[in-house]
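One file, upload26.txt, is given below (compact mmCIF, C-alpha atoms).
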```
# COMPACT_ATOMS: atom_id res chain seq x y z
CA MET H 1 -3.92 41.35 65.33
CA ARG H 2 -1.98 38.54 67.02
CA LEU H 3 -2.86 38.10 70.69
CA LEU H 4 -0.86 35.84 72.97
CA VAL H 5 -2.96 33.81 75.42
CA ALA H 6 -0.66 33.30 78.40
CA THR H 7 -1.77 29.96 79.80
CA ARG H 8 -0.40 26.43 79.84
CA SER H 9 -3.82 24.93 80.54
CA GLY H 10 -5.30 23.22 77.48
CA HIS H 11 -8.80 23.38 79.03
CA LYS H 12 -8.55 27.13 79.59
CA LEU H 13 -7.05 27.77 76.14
CA ARG H 14 -9.96 25.99 74.43
CA GLU H 15 -12.47 28.05 76.41
CA ILE H 16 -10.75 31.32 75.56
CA ARG H 17 -10.47 30.47 71.85
CA GLY H 18 -14.21 29.85 71.77
CA LEU H 19 -15.05 33.03 73.70
CA LEU H 20 -12.98 35.26 71.37
CA ALA H 21 -13.77 33.45 68.13
CA ASP H 22 -16.12 36.20 66.92
CA VAL H 23 -13.61 39.07 67.19
CA PRO H 24 -12.80 40.05 63.58
CA GLY H 25 -9.17 39.84 62.50
CA LEU H 26 -8.00 38.38 65.81
CA ARG H 27 -5.44 35.57 65.70
CA LEU H 28 -4.84 33.86 69.03
CA VAL H 29 -1.46 32.25 69.65
CA ASP H 30 -0.32 30.30 72.68
CA LEU H 31 2.98 30.05 74.52
CA ASN H 32 4.10 27.06 72.47
CA ASP H 33 3.34 28.90 69.22
CA VAL H 34 5.76 31.67 70.14
CA GLY H 35 8.40 29.34 71.57
CA ILE H 36 8.23 30.31 75.24
CA ALA H 37 9.33 27.26 77.20
CA GLU H 38 8.11 26.71 80.74
CA THR H 39 10.59 27.83 83.40
CA PRO H 40 10.54 27.89 87.21
CA LYS H 41 10.60 31.70 87.09
CA GLU H 42 7.05 31.96 85.77
CA GLU H 43 5.73 29.97 88.73
CA GLY H 44 6.56 32.89 91.01
CA VAL H 45 4.78 35.53 88.93
CA GLU H 46 1.34 35.10 90.54
CA ALA H 47 2.41 36.09 94.05
CA PHE H 48 -0.31 38.62 94.84
CA GLU H 49 -3.48 38.58 96.94
CA THR H 50 -6.03 39.55 94.29
CA PHE H 51 -7.06 37.96 91.00
CA GLU H 52 -6.57 41.29 89.24
CA ASP H 53 -2.99 41.76 90.42
CA ASN H 54 -2.05 38.18 89.52
CA ALA H 55 -3.60 38.40 86.05
CA LEU H 56 -1.81 41.68 85.35
CA ALA H 57 1.52 40.33 86.61
CA LYS H 58 1.25 37.27 84.36
CA ALA H 59 0.18 39.26 81.30
CA THR H 60 3.00 41.75 81.86
CA PHE H 61 5.57 38.97 82.27
CA PHE H 62 4.64 37.22 79.03
CA GLN H 63 4.15 40.44 77.05
CA LYS H 64 7.73 41.35 77.93
CA ALA H 65 8.94 37.85 76.98
CA SER H 66 7.10 37.78 73.64
CA GLY H 67 6.77 41.40 72.55
CA LEU H 68 3.15 40.63 71.61
CA PRO H 69 -0.11 41.99 73.01
CA THR H 70 -0.92 39.47 75.72
CA VAL H 71 -3.93 38.37 77.72
CA ALA H 72 -3.71 36.37 80.94
CA ASP H 73 -6.29 35.52 83.51
CA ASP H 74 -6.35 34.48 87.13
CA SER H 75 -9.42 32.71 88.34
CA GLY H 76 -10.56 30.74 91.31
CA LEU H 77 -13.22 29.81 93.81
CA GLU H 78 -14.33 31.86 96.81
CA VAL H 79 -16.30 29.95 99.47
CA ASP H 80 -18.11 32.12 101.99
CA ALA H 81 -18.01 29.56 104.82
CA LEU H 82 -14.21 29.46 104.45
CA GLY H 83 -13.79 33.23 104.57
CA GLY H 84 -13.29 33.46 100.80
CA ARG H 85 -10.80 30.61 100.53
CA PRO H 86 -9.32 29.13 98.45
CA GLY H 87 -9.40 32.36 96.41
CA VAL H 88 -6.12 33.07 94.64
CA ARG H 89 -4.79 29.79 96.09
CA SER H 90 -7.43 27.73 94.26
CA LYS H 91 -4.98 25.90 92.02
CA ARG H 92 -2.69 24.93 94.92
CA PHE H 93 -5.23 24.59 97.72
CA ALA H 94 -4.67 21.05 98.99
CA PRO H 95 -1.50 20.31 100.96
CA GLY H 96 0.85 18.14 98.94
CA GLY H 97 -0.82 18.82 95.61
CA GLU H 98 1.49 21.51 94.28
CA ASP H 99 3.59 19.25 92.05
CA LEU H 100 0.89 16.83 90.90
CA PRO H 101 -0.37 16.68 87.28
CA GLY H 102 -3.53 18.69 86.58
CA GLU H 103 -6.24 16.04 87.00
CA GLU H 104 -4.67 14.57 90.13
CA ARG H 105 -4.25 18.03 91.63
CA ASP H 106 -7.89 18.83 90.85
CA ARG H 107 -9.03 15.65 92.57
CA LEU H 108 -6.96 16.40 95.67
CA ASN H 109 -8.21 20.01 95.79
CA ASN H 110 -11.82 18.86 95.59
CA GLU H 111 -11.31 16.27 98.32
CA HIS H 112 -9.67 18.88 100.55
CA LEU H 113 -12.53 21.32 99.99
CA LEU H 114 -15.14 18.68 100.86
CA THR H 115 -13.26 17.78 104.04
CA LEU H 116 -13.26 21.41 105.16
CA LEU H 117 -17.00 21.74 104.45
CA GLU H 118 -18.19 18.39 105.81
CA ASP H 119 -19.94 20.00 108.82
CA VAL H 120 -21.40 22.91 106.84
CA ASP H 121 -25.05 22.72 105.72
CA LEU H 122 -25.65 22.88 101.98
CA SER H 123 -27.56 26.15 102.33
CA ASP H 124 -24.45 27.73 103.88
CA ARG H 125 -22.07 26.51 101.17
CA THR H 126 -22.49 29.60 99.03
CA ALA H 127 -19.59 30.31 96.72
CA ARG H 128 -18.57 32.07 93.56
CA PHE H 129 -16.18 31.57 90.71
CA VAL H 130 -14.18 34.71 89.90
CA CYS H 131 -12.08 35.52 86.84
CA ALA H 132 -9.93 38.57 86.16
CA ALA H 133 -8.55 38.87 82.62
CA ALA H 134 -5.73 41.34 81.98
CA LEU H 135 -4.85 42.64 78.53
CA VAL H 136 -1.38 44.18 78.14
CA ARG H 137 -0.78 45.60 74.68
CA GLU H 138 2.59 47.12 75.56
CA PRO H 139 4.41 48.07 78.78
CA GLY H 140 2.27 50.38 80.89
CA LYS H 141 -0.82 49.99 78.74
CA HIS H 142 -3.39 47.56 80.11
CA ARG H 143 -7.04 46.85 80.81
CA ILE H 144 -8.59 44.38 83.28
CA PHE H 145 -11.96 42.67 82.93
CA ARG H 146 -13.73 40.79 85.77
CA GLY H 147 -16.43 38.13 85.76
CA GLU H 148 -18.26 36.33 88.58
CA VAL H 149 -20.88 33.60 88.90
CA GLU H 150 -22.65 32.50 92.09
CA GLY H 151 -23.31 28.93 93.16
CA LEU H 152 -23.24 26.30 95.90
CA ILE H 153 -20.66 23.64 96.77
CA LEU H 154 -22.23 20.18 96.71
CA GLY H 155 -21.31 17.30 99.00
CA ARG H 156 -20.02 15.13 96.18
CA PRO H 157 -18.88 15.62 92.57
CA ARG H 158 -21.37 15.52 89.69
CA GLY H 159 -20.58 15.48 85.97
CA TRP H 160 -17.63 14.55 83.81
CA ASP H 161 -16.84 17.69 81.80
CA GLY H 162 -15.02 20.77 82.97
CA PHE H 163 -12.00 20.89 85.25
CA GLY H 164 -10.91 22.21 88.63
CA TYR H 165 -13.84 22.63 91.01
CA ASP H 166 -16.48 22.35 88.26
CA PRO H 167 -17.90 18.98 89.49
CA LEU H 168 -18.71 20.51 92.91
CA PHE H 169 -19.95 23.94 91.80
CA PHE H 170 -23.75 23.86 91.51
CA HIS H 171 -25.50 26.50 89.42
CA ARG H 172 -28.96 26.84 90.98
CA PRO H 173 -30.89 28.41 88.05
CA LEU H 174 -30.03 25.46 85.76
CA GLY H 175 -29.87 22.80 88.47
CA LYS H 176 -26.51 21.55 87.21
CA THR H 177 -22.90 21.58 88.27
CA PHE H 178 -20.43 23.27 85.96
CA ALA H 179 -19.18 19.80 85.02
CA GLU H 180 -22.69 18.96 83.75
CA LEU H 181 -23.05 22.03 81.53
CA SER H 182 -22.70 21.89 77.78
CA ARG H 183 -19.86 23.91 76.30
CA GLU H 184 -22.38 26.50 75.11
CA GLU H 185 -24.02 26.79 78.55
CA LYS H 186 -20.70 27.18 80.28
CA SER H 187 -19.51 29.85 77.85
CA ARG H 188 -22.74 31.78 78.45
CA LEU H 189 -22.77 31.49 82.24
CA SER H 190 -19.22 31.20 83.48
CA HIS H 191 -17.00 33.75 85.20
CA ARG H 192 -14.42 33.32 82.44
CA GLY H 193 -17.13 33.79 79.82
CA GLU H 194 -18.21 37.07 81.40
CA ALA H 195 -14.67 38.42 81.66
CA PHE H 196 -13.62 37.41 78.15
CA ARG H 197 -16.83 38.64 76.51
CA ALA H 198 -16.04 42.04 78.02
CA LEU H 199 -12.50 41.74 76.64
CA GLY H 200 -13.88 40.80 73.23
CA ALA H 201 -16.21 43.79 73.24
CA HIS H 202 -13.25 46.02 74.10
CA LEU H 203 -11.17 44.59 71.25
CA ARG H 204 -14.01 45.12 68.77
CA SER H 205 -14.50 48.71 69.96
CA THR H 206 -10.83 49.58 69.50
CA GLN H 207 -10.89 48.09 65.99
CA THR H 208 -13.74 50.39 65.06
CA GLY H 209 -12.17 53.52 66.47
CA GLY H 210 -13.17 53.35 70.12
CA ALA H 211 -10.92 55.03 72.63
CA GLU H 212 -8.10 52.97 74.12
CA THR H 213 -7.22 53.59 77.76
```
Rendering of file as structure tokens:
Amino acid sequence: MRLLVATRSGHKLREIRGLLADVPGLRLVDLNDVGIAETPKEEGVEAFETFEDNALAKATFFQKASGLPTVADDSGLEVDALGGRPGVRSKRFAPGGEDLPGEERDRLNNEHLLTLLEDVDLSDRTARFVCAAALVREPGKHRIFRGEVEGLILGRPRGWDGFGYDPLFFHRPLGKTFAELSREEKSRLSHRGEAFRALGAHLRSTQTGGAET
């Protein structure tokens, strides 16, 4: 089975390839592999207020464009002291960062988050990473898988791996930020890991005769 991974993030693509590597007979392809060039139209696809709706919209868009079974995810950070922000706006949270390259945008988003939380005690900086992964095999036929992980937002970045808000997101049981985790630790603990392991289990079950809904 060929499965299109609908993302233009190299970091995310590597994570997903690792998380689905043990699904027998699965061949992951990306948008470049199938010749889908980036266009302004795709930027408007994720226009909804929930991770699930955005993931499904993106998977549906690229399934229609490619004709292939497609998986897409929407993920982000919810900070309790900010009423759940940045949420689905996580990627474009900081004013003026919308058109910046990935690493510069990440830096600006992190700086903006720290500014908003500068008067909030560490104990009140509870937050969670959320991921919704949508699988669209064909029009009208889809499944959605959700993963979450709880943490705290630190007062300064720690660690050099990861991307996005990883350097600020502190995982209390391990005493590390997500940017300090090994690749194996992050795959085991992360919101994306949880969602895509559930997707992998679903794919394996359908290969062995499980019911598809």
Give the padded box for region 141-160 of chain H as AutoDock Vina command-line options: axis-aligned, covering all atoms listed in the file, 5 Å on each side, centre and edge lengths in Å to one decimal.
```
--center_x -12.1 --center_y 32.3 --center_z 88.9 --size_x 32.5 --size_y 45.4 --size_z 30.3
```
Select, from H:Glu103, H:Glu148, H:Ser187, H:Ala133, the residue with the minimum atom-to-atom distance to Thr60 (chain H), counting all atoms listed in the file. H:Ala133
Using all atoms listed in the file, which residues sit within 9 Å of region 108-121 of chain H once same-chain residues fewer than 5 positions away are excluded, as a list in words?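 What passes the distance filter is Ala81, Leu82, Pro86, Ser90, Lys91, Arg92, Phe93, Ala94, Pro95, Gly96, Gly97, Glu103, Ile153, Leu154, Gly155, Arg156, Pro157, Gly164, Tyr165, Pro167 and Leu168 of chain H.
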Give me a file of those residues, with C-alpha atoms, as a PDB file, keeping the file's coordinate frame.
```
ATOM      1  CA  ALA H  81     -18.010  29.560 104.820  1.00  0.00           C
ATOM      2  CA  LEU H  82     -14.210  29.460 104.450  1.00  0.00           C
ATOM      3  CA  PRO H  86      -9.320  29.130  98.450  1.00  0.00           C
ATOM      4  CA  SER H  90      -7.430  27.730  94.260  1.00  0.00           C
ATOM      5  CA  LYS H  91      -4.980  25.900  92.020  1.00  0.00           C
ATOM      6  CA  ARG H  92      -2.690  24.930  94.920  1.00  0.00           C
ATOM      7  CA  PHE H  93      -5.230  24.590  97.720  1.00  0.00           C
ATOM      8  CA  ALA H  94      -4.670  21.050  98.990  1.00  0.00           C
ATOM      9  CA  PRO H  95      -1.500  20.310 100.960  1.00  0.00           C
ATOM     10  CA  GLY H  96       0.850  18.140  98.940  1.00  0.00           C
ATOM     11  CA  GLY H  97      -0.820  18.820  95.610  1.00  0.00           C
ATOM     12  CA  GLU H 103      -6.240  16.040  87.000  1.00  0.00           C
ATOM     13  CA  ILE H 153     -20.660  23.640  96.770  1.00  0.00           C
ATOM     14  CA  LEU H 154     -22.230  20.180  96.710  1.00  0.00           C
ATOM     15  CA  GLY H 155     -21.310  17.300  99.000  1.00  0.00           C
ATOM     16  CA  ARG H 156     -20.020  15.130  96.180  1.00  0.00           C
ATOM     17  CA  PRO H 157     -18.880  15.620  92.570  1.00  0.00           C
ATOM     18  CA  GLY H 164     -10.910  22.210  88.630  1.00  0.00           C
ATOM     19  CA  TYR H 165     -13.840  22.630  91.010  1.00  0.00           C
ATOM     20  CA  PRO H 167     -17.900  18.980  89.490  1.00  0.00           C
ATOM     21  CA  LEU H 168     -18.710  20.510  92.910  1.00  0.00           C
TER      22      LEU H 168
END
```
Shell of 6 Å around Leu28 (chain H), all atoms listed in the file, local chain residues under 6 positions omitted, as a short mmCIF file (atom, residue, chain, number, x, y, z; two decimals) with C-alpha atoms, keeping the file's coordinate frame:
```
data_model
loop_
_atom_site.label_atom_id
_atom_site.label_comp_id
_atom_site.auth_asym_id
_atom_site.auth_seq_id
_atom_site.Cartn_x
_atom_site.Cartn_y
_atom_site.Cartn_z
CA ARG H 2 -1.98 38.54 67.02
CA LEU H 3 -2.86 38.10 70.69
CA LEU H 4 -0.86 35.84 72.97
#
```
Counting all atoms listed in the file, the residue of H:Leu174, H:Leu181, H:Leu199, H:Leu56 that sits nearest Val23 (chain H): H:Leu199
Between CA of Gly140 (chain H) and CA of Val71 (chain H), distance in Å (one decimal):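 CA of Val71 (chain H) lies at a distance of 13.9 Å from CA of Gly140 (chain H).
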From H:Arg14, H:Thr50, H:Arg8, H:Ala195, residue lying nearest Ala37 (chain H) [all atoms listed in the file]: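 Closest candidate: H:Arg8.
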Length of the CA of Arg197 (chain H) to CA of Gly162 (chain H) vector [Å]: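 One can read the CA of Arg197 (chain H) to CA of Gly162 (chain H) distance as 19.1 Å.
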As a list in words, please: the residues near Phe169 (chain H) (cut-off 10 Å, all atoms listed in the file, same-chain neighbours under 3 positions excluded).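 The residues that qualify are Leu77, Arg125, Thr126, Ala127, Arg128, Phe129, Glu150, Gly151, Leu152, Ile153, Leu154, Gly155, Arg156, Pro157, Arg158, Gly164, Tyr165, Asp166, Arg172, Lys176, Thr177, Phe178, Ala179 and Glu180 of chain H.
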Output C-alpha atoms for every residue in that selection, as a short mmCIF file (atom, residue, chain, number, x, y, z; two decimals), in the frame of the given file.
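Printed below is part-v3.cif as written:
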```cif
data_model
loop_
_atom_site.label_atom_id
_atom_site.label_comp_id
_atom_site.auth_asym_id
_atom_site.auth_seq_id
_atom_site.Cartn_x
_atom_site.Cartn_y
_atom_site.Cartn_z
CA LEU H 77 -13.22 29.81 93.81
CA ARG H 125 -22.07 26.51 101.17
CA THR H 126 -22.49 29.60 99.03
CA ALA H 127 -19.59 30.31 96.72
CA ARG H 128 -18.57 32.07 93.56
CA PHE H 129 -16.18 31.57 90.71
CA GLU H 150 -22.65 32.50 92.09
CA GLY H 151 -23.31 28.93 93.16
CA LEU H 152 -23.24 26.30 95.90
CA ILE H 153 -20.66 23.64 96.77
CA LEU H 154 -22.23 20.18 96.71
CA GLY H 155 -21.31 17.30 99.00
CA ARG H 156 -20.02 15.13 96.18
CA PRO H 157 -18.88 15.62 92.57
CA ARG H 158 -21.37 15.52 89.69
CA GLY H 164 -10.91 22.21 88.63
CA TYR H 165 -13.84 22.63 91.01
CA ASP H 166 -16.48 22.35 88.26
CA ARG H 172 -28.96 26.84 90.98
CA LYS H 176 -26.51 21.55 87.21
CA THR H 177 -22.90 21.58 88.27
CA PHE H 178 -20.43 23.27 85.96
CA ALA H 179 -19.18 19.80 85.02
CA GLU H 180 -22.69 18.96 83.75
#
```
So which one's closest to Arg85 (chain H), H:Asn54, H:Arg107, H:Val130, H:Gln63? Using only C-alpha atoms, please.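 The shortest atom-to-atom distance to Arg85 (chain H) comes from H:Val130.
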For Gly147 (chain H), which of H:Val79, H:Asp161, H:Val88, H:Asp74 is the closest residue, counting all atoms listed in the file?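 Comparing H:Val79, H:Asp161, H:Val88, H:Asp74 against Gly147 (chain H), the winner is H:Asp74.
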Separation of CA of Lys141 (chain H) from CA of Thr39 (chain H) in Å: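 Spanning CA of Thr39 (chain H) to CA of Lys141 (chain H) is a straight-line distance of 25.4 Å.
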Expected residue set, 10 Å radius at (4.9, 33.8, 68.6), all atoms listed in the file, as a PyMOL selection string: chain H and resi 2-4+28-36+66-68
From H:Gly76, H:Pro69, H:Gly175, H:Gly83, residue lying nearest Glu138 (chain H) [only C-alpha atoms]: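 Answer, going by the shortest atom-to-atom distance: H:Pro69.
Non-sequential neighbours of Glu15 (chain H) (distance at most 9 Å, separation of 6 or more positions within a chain, only C-alpha atoms) are Arg183, Ser187, Arg192 and Gly193 of chain H.
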Residue subset to file, keeping C-alpha atoms, as a CSV table (one decimal), in the frame of the given file:
```
chain,number,residue,atom,x,y,z
H,183,ARG,CA,-19.9,23.9,76.3
H,187,SER,CA,-19.5,29.8,77.8
H,192,ARG,CA,-14.4,33.3,82.4
H,193,GLY,CA,-17.1,33.8,79.8
```
Surrounding residues of Pro24 (chain H) excluding itself and chain neighbours under 5 positions, 12 Å, all atoms listed in the file, as a PyMOL selection string: chain H and resi 1-2+200-201+203-208
